[in-house]
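*Asks:* Take this structure, written in structure tokens, and hold onto it; I'll ask about it next.
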Amino acid sequence: MRRRQLLFASLAVPLACAAETRPAAVRGRLTQPGGKPPILETPDHKFIPLDGDAATLGVLRDKRLAEADLEALGQPSPGGVFQVGPIHTKAMFVHKDGNRLLITYWCDVCSIRTYTPGICWCCQEETALDLRKPEKE
Ligand SMILES: [Zn+2]
């Protein structure tokens, strides 16, 4: 019994932290107007410009994700721009065939996974878009 209580106590800490900075979520169709920030069009036809760090913007500008049903976690800003969480927080998902898939990139040659498009740092080949189910929901 005592063991069980200890387990709950240790679990409570990360949960409390997550609640403090709980991200907002937006979901819609990803559009990539040339030369402008990526925009999410929500099902009720609101247009939400998206911003984030360089790696996040790399994903949002990836042509392979144009028109995707995208969910982004982050914080709305007063100017109406939605700040997507930093790339290491894995804040972007594609909804496809009823699955919520994490956006990743994969080098088949080196078996290296990255989270932004570009060339593999090992073999310099272009990485492939690889949508995958998160390891834990
Ligand atoms: Zn490689």
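Chain identifiers are assigned as A, B, and so on, following the order in which chains appear in the structure tokens; residues are numbered from 1 within each chain, and ligands are numbered from 1 in order of appearance.
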So which residues touch A:Arg113 within 12 Å, counting only C-alpha atoms, skipping near sequence neighbours fewer than 2 positions away, as a ChimeraX atom specification?
*Replies:* /A:102-111,115-122,126-132
*Asks:* Residues as selected, C-alpha atoms, written as a PDB file, in the first residue's frame, can you do that?
*Replies:*
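Below you can see result-v4.pdb, which holds the result:
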```pdb
ATOM      1  CA  LEU A 102       3.185  12.846 -34.954  1.00  0.00           C
ATOM      2  CA  ILE A 103       5.073  14.592 -37.754  1.00  0.00           C
ATOM      3  CA  THR A 104       8.559  13.126 -38.073  1.00  0.00           C
ATOM      4  CA  TYR A 105      11.207  12.755 -40.759  1.00  0.00           C
ATOM      5  CA  TRP A 106      13.122   9.607 -41.387  1.00  0.00           C
ATOM      6  CA  CYS A 107      16.367   8.695 -43.127  1.00  0.00           C
ATOM      7  CA  ASP A 108      16.063   5.165 -44.397  1.00  0.00           C
ATOM      8  CA  VAL A 109      19.779   4.833 -45.051  1.00  0.00           C
ATOM      9  CA  CYS A 110      20.966   5.779 -41.565  1.00  0.00           C
ATOM     10  CA  SER A 111      17.788   4.980 -39.567  1.00  0.00           C
ATOM     11  CA  TYR A 115      11.493  16.424 -36.446  1.00  0.00           C
ATOM     12  CA  THR A 116      11.992  19.013 -39.158  1.00  0.00           C
ATOM     13  CA  PRO A 117      12.433  18.564 -42.919  1.00  0.00           C
ATOM     14  CA  GLY A 118      15.853  18.771 -44.503  1.00  0.00           C
ATOM     15  CA  ILE A 119      18.836  16.668 -45.334  1.00  0.00           C
ATOM     16  CA  CYS A 120      20.049  13.906 -43.047  1.00  0.00           C
ATOM     17  CA  TRP A 121      23.015  15.152 -41.032  1.00  0.00           C
ATOM     18  CA  CYS A 122      24.715  11.820 -41.559  1.00  0.00           C
ATOM     19  CA  GLU A 126      16.739  14.294 -48.146  1.00  0.00           C
ATOM     20  CA  THR A 127      14.741  12.826 -45.244  1.00  0.00           C
ATOM     21  CA  ALA A 128      11.306  11.344 -45.901  1.00  0.00           C
ATOM     22  CA  LEU A 129       8.136  12.583 -44.217  1.00  0.00           C
ATOM     23  CA  ASP A 130       7.099   9.891 -41.763  1.00  0.00           C
ATOM     24  CA  LEU A 131       3.804  10.309 -39.908  1.00  0.00           C
ATOM     25  CA  ARG A 132       3.670   7.987 -36.959  1.00  0.00           C
TER      26      ARG A 132
END
```
*Asks:* Write out as a count of residues only which residues come within 12 Å of A:Ser77 when counting only C-alpha atoms, dropping same-chain ones fewer than 4 positions away.
*Replies:* 10
*Asks:* Run DSSP on the backbone of this structure and report the residues of chain A it assigns to strand (DSSP E), as a ChimeraX atom specification.
*Replies:* /A:24-31,39-41,47-51,69-76,82-84,92-96,99-107,112-114,128-132
*Asks:* Using DSSP on the backbone, list every residue of chain A that comes out as helix (DSSP H, G or I), and give them as a VMD selection string.
*Replies:* chain A and resid 2 to 20 54 to 60 63 to 65 87 to 89
*Asks:* Those residues you just picked out, can you put them in a file as a compact mmCIF listing (two decimals), in the first residue's frame with N, CA and C atoms?
*Replies:*
```
# COMPACT_ATOMS: atom_id res chain seq x y z
N ARG A 2 1.89 1.22 0.84
CA ARG A 2 2.80 2.34 0.94
C ARG A 2 3.49 2.59 -0.42
N ARG A 3 3.87 1.51 -1.06
CA ARG A 3 4.50 1.59 -2.38
C ARG A 3 3.62 2.34 -3.37
N ARG A 4 2.37 1.98 -3.32
CA ARG A 4 1.41 2.54 -4.26
C ARG A 4 1.31 4.07 -4.07
N GLN A 5 1.29 4.48 -2.80
CA GLN A 5 1.18 5.92 -2.52
C GLN A 5 2.40 6.66 -3.05
N LEU A 6 3.56 6.04 -2.88
CA LEU A 6 4.79 6.67 -3.38
C LEU A 6 4.73 6.85 -4.88
N LEU A 7 4.20 5.85 -5.55
CA LEU A 7 4.09 5.91 -7.01
C LEU A 7 3.21 7.09 -7.42
N PHE A 8 2.09 7.24 -6.74
CA PHE A 8 1.19 8.34 -7.08
C PHE A 8 1.86 9.69 -6.82
N ALA A 9 2.61 9.76 -5.74
CA ALA A 9 3.27 11.02 -5.40
C ALA A 9 4.27 11.41 -6.48
N SER A 10 5.00 10.43 -7.00
CA SER A 10 6.00 10.77 -8.00
C SER A 10 5.35 11.13 -9.34
N LEU A 11 4.18 10.56 -9.59
CA LEU A 11 3.48 10.89 -10.83
C LEU A 11 2.87 12.28 -10.79
N ALA A 12 2.51 12.72 -9.59
CA ALA A 12 1.79 13.98 -9.46
C ALA A 12 2.63 15.17 -9.88
N VAL A 13 3.94 15.07 -9.74
CA VAL A 13 4.80 16.22 -10.03
C VAL A 13 4.76 16.64 -11.51
N PRO A 14 5.06 15.72 -12.43
CA PRO A 14 5.01 16.15 -13.84
C PRO A 14 3.62 16.59 -14.27
N LEU A 15 2.57 15.97 -13.74
CA LEU A 15 1.22 16.37 -14.10
C LEU A 15 0.95 17.81 -13.69
N ALA A 16 1.41 18.18 -12.49
CA ALA A 16 1.21 19.54 -11.99
C ALA A 16 1.95 20.54 -12.88
N CYS A 17 3.14 20.19 -13.31
CA CYS A 17 3.91 21.07 -14.18
C CYS A 17 3.19 21.27 -15.50
N ALA A 18 2.68 20.18 -16.03
CA ALA A 18 2.00 20.26 -17.32
C ALA A 18 0.78 21.16 -17.24
N ALA A 19 0.08 21.13 -16.11
CA ALA A 19 -1.13 21.93 -15.96
C ALA A 19 -0.81 23.43 -15.97
N GLU A 20 0.33 23.78 -15.43
CA GLU A 20 0.70 25.19 -15.35
C GLU A 20 0.86 25.84 -16.73
N ALA A 54 12.44 27.97 -35.69
CA ALA A 54 12.84 27.70 -37.08
C ALA A 54 12.48 26.28 -37.50
N ALA A 55 12.69 25.32 -36.62
CA ALA A 55 12.40 23.93 -36.97
C ALA A 55 10.90 23.72 -37.14
N THR A 56 10.11 24.38 -36.28
CA THR A 56 8.65 24.29 -36.38
C THR A 56 8.17 24.90 -37.70
N LEU A 57 8.71 26.06 -38.04
CA LEU A 57 8.33 26.70 -39.30
C LEU A 57 8.73 25.83 -40.50
N GLY A 58 9.85 25.13 -40.36
CA GLY A 58 10.27 24.21 -41.42
C GLY A 58 9.20 23.17 -41.69
N VAL A 59 8.61 22.65 -40.62
CA VAL A 59 7.53 21.66 -40.76
C VAL A 59 6.30 22.31 -41.39
N LEU A 60 5.94 23.48 -40.87
CA LEU A 60 4.71 24.14 -41.34
C LEU A 60 4.81 24.57 -42.80
N LYS A 63 5.97 21.38 -48.07
CA LYS A 63 4.93 21.26 -49.10
C LYS A 63 4.19 19.92 -49.00
N ARG A 64 4.87 18.91 -48.46
CA ARG A 64 4.22 17.61 -48.33
C ARG A 64 3.07 17.66 -47.33
N LEU A 65 3.04 18.72 -46.51
CA LEU A 65 1.98 18.84 -45.51
C LEU A 65 0.90 19.85 -45.92
N ILE A 87 9.95 22.93 -30.97
CA ILE A 87 9.98 21.67 -31.71
C ILE A 87 10.16 20.47 -30.78
N HIS A 88 10.93 20.63 -29.68
CA HIS A 88 11.17 19.48 -28.80
C HIS A 88 9.94 19.06 -28.02
N THR A 89 8.90 19.91 -28.00
CA THR A 89 7.67 19.54 -27.28
C THR A 89 6.75 18.70 -28.16
```
*Asks:* Got a sec: who's within 10 Å of A:Phe47, counting only C-alpha atoms, leaving out chain neighbours fewer than 5 positions off, as JSON, numbers by chain?
*Replies:* {"A": [28, 29, 30, 31, 38, 39, 40, 41, 42, 80, 81]}
*Asks:* Which residue out of A:Glu135, A:Cys123, A:Val26, A:Glu67 has the minimum interatomic distance to A:Leu101 when only C-alpha atoms are used?
*Replies:* A:Glu135
*Asks:* Just checking: using only C-alpha atoms, which residue out of A:Pro78, A:Pro23, A:Asp44, A:Ile112 ends up closest to A:Ala91?
*Replies:*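 That would be A:Pro23, the residue with the smallest distance to A:Ala91.
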*Asks:* Kindly give the distance, in Å, that separates atom CA of A:Leu70 and atom CA of A:Asp53, rounded to a single decimal.
*Replies:*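 Computed distance, atom CA of A:Leu70 to atom CA of A:Asp53, equals 17.1 Å.
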*Asks:* What is the distance, in Å and to one decimal place, between atom CA of A:Pro76 and atom CA of A:Pro134?
*Replies:*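 Separation between atom CA of A:Pro76 and atom CA of A:Pro134: 24.1 Å.
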*Asks:* Between atom CA of A:Arg61 and atom CA of A:Asp97, what is the spacing in Å?
*Replies:*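 Rounded to one decimal, the two atoms are 22.4 Å apart.
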*Asks:* Counting only C-alpha atoms, figure out which residue out of A:His45, A:Gln32, A:Arg22, A:Arg100 gets nearest to A:Ala66.
*Replies:* A:Gln32
*Asks:* Which residue gives the smallest distance to A:Ala25 among A:Lys46, A:Pro37, A:Thr114, A:Leu73, with only C-alpha atoms counted?
*Replies:*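 So, comparing all the options, the nearest one is A:Leu73.
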*Asks:* Between A:Gln124, A:Lys96, A:Asp62, A:Lys36, which has the minimum distance to ligand 1 (counting only C-alpha atoms and all ligand atoms)?
*Replies:* A:Gln124
